[in-house]
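Here the structure is laid out as structure tokens; the discussion comes afterwards.
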Amino acid sequence: MSQPLGTPRVVAVRTPSKHYDILIGRGLLADRAAWQGLPRSTHAVLVSNPTVFALHGEQALASLQALAPRSSHVLLPDGEAYKDWQHLNLVFDHLLREGCDRKAMLFALGGGVVGDMTGFAAACYMRGVPFVQLPTTLLAQVDSSVGGKTAINHPLGKNMIGAFQQPERVLCDLDTLATLPPREMRAGLAEVIKYAPIADAALLDWLEASLDALLAGDAEALAHAVQRSCEIKAEVVGDDEREGGQRAILNFGHTFGHAIEAGLGYGHWLHGEAVGCGMVIAATLSADLGLVPAAWADRIVRLVQRAGLPVQAPDLGAERWFELMSVDKKAEAGGIRYVLLQGLGHATLRAVPRAAVQAALNRHTVAPRPGAALPA
Ligand code: NAD
Ligand code: GLY
């Protein structure tokens, strides 16, 4: 790695709707320089959850207080199960009670759940107010805080109600990852691994060599993983902000993963765990269809396994799998489309005969046993 960790790394995101920077470094929550240059606001509102707020809230609030004449915070309950309308309303209740106007700015301190909900609240409140992402999970730093997808879940489908709303800035403070539970760290690695097969074959080599350092929380390795992931995501999103086409490759493994999450009920498997397993199924399917060599798919399976992520899906039943996958946002006219690998570091979106999908599912599904559906 070229840059010392003392200097924040900067990844520029350039989309048609907004240009902004992702800053990656240590101690950014307390680093006033990292907060400079944001639009002036009348009221700075921190949105978080009790877990993250107890660990990192004070630091963030201190920085935020210097930004606006008024500041306040609102906490959402912790968990994917609360990423819904009812709990989104808590943000609107707070904003209205505090008399926040159109010049208010929201700050999302937390993982992807807080980030997605805060971004969606920002998109809706008074038809749109600015917001900043302060991601504190690996998953949020490498994926969900970047690119402007915001959403809540509906009982009939994950992330089905949402908006595109780009943040003003993303501050990835690597120090916040020190408090992240190991299971959450592994889940975040799934989204890092995702970028390699779809966009960067060299990243796959690097991940195979650096996985142990990443799992041990090595700051240099994490900085590189976050930076490279954000660079790839910024490039894809810059070319296709609203997912007219190519952005869909960022959903590698997600068609299967979302079905696992919805099929088991949100909150049982972590999003990253479901995506990890989904990538295994999608890689197998790609190899079965002759799009990549089987040895290539095996590399992905091994990496996912080494990252401590599940490679066997719960048995949802064939009908339920396809029913859940047809709710996917990539589906067109009811037909399911899958992100598949096509060569080294390239992906494609296409429909696939159901029998081929079923065969890949059969290879990566465990028979239902009490407790077997949940990863250790
Ligand atoms: P999460 O937000 O639920 O966070 C995971 C857990 O870690 C939570 O209990 C949280 O309180 C805790 N936590 C967060 N930061 C911590 C820290 N520094 N120390 C200790 N604990 C901490 O889950 P996630 O994996 O960050 O995000 C998953 C969500 O992101 C899903 O809802 C998914 O749909 C969404 N997502 C969105 C996009 C997008 O482009 N918008 C992309 C990928 C995922
Ligand atoms: N996480 C997929 C996307 O942002 O498009």
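Labels used: A, B, ... for chains in the order of the structure tokens, numbers from 1 for residues in each chain, and numbers from 1 for ligands as shown.
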- Would you list the residues that come within 7 Å of ligand 1? Count only C-alpha atoms and all ligand atoms and give the answer as a VMD selection string. chain A and resid 49 51 to 52 55 78 to 80 110 to 114 116 136 to 140 143 to 151 159 176 to 181 184 187 to 188 270 to 272
- Query: Can you list, as a ChimeraX atom specification, every residue of segment 20-254 of chain A that DSSP puts in alpha helix (DSSP H)?
  - Reply: /A:32-35,50-52,58-65,85-97,112-124,138-139,182-199,201-215,219-239,254
- Message: Using only C-alpha atoms, which protein or nucleic acid residues come within 12 Å of Gln227 of chain A? Drop anything in the same chain fewer than 3 positions from it, and give the result as a ChimeraX atom specification.
- Response: /A:1-3,5,8-12,21-25,138,141-143,146,171-174,192,195,203,219-224,230-234
- Message: Measuring between only C-alpha atoms and all ligand atoms, which one of A:Glu235, A:Asp31, A:Asp93, A:Asp218 shows the shortest distance to ligand 2?
- Response: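 Result for the nearest residue to ligand 2: A:Glu235.
Nearest to Ser229 of chain A of all the residues A:Ile193, A:Ala122, A:Ile260, A:Ala202 is A:Ile193, counting only C-alpha atoms.
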- Query: Suppose you want the space between atom CA of Ala297 of chain A and atom CA of Ala196 of chain A; what is it in Å?
  - Reply: 12.1 Å
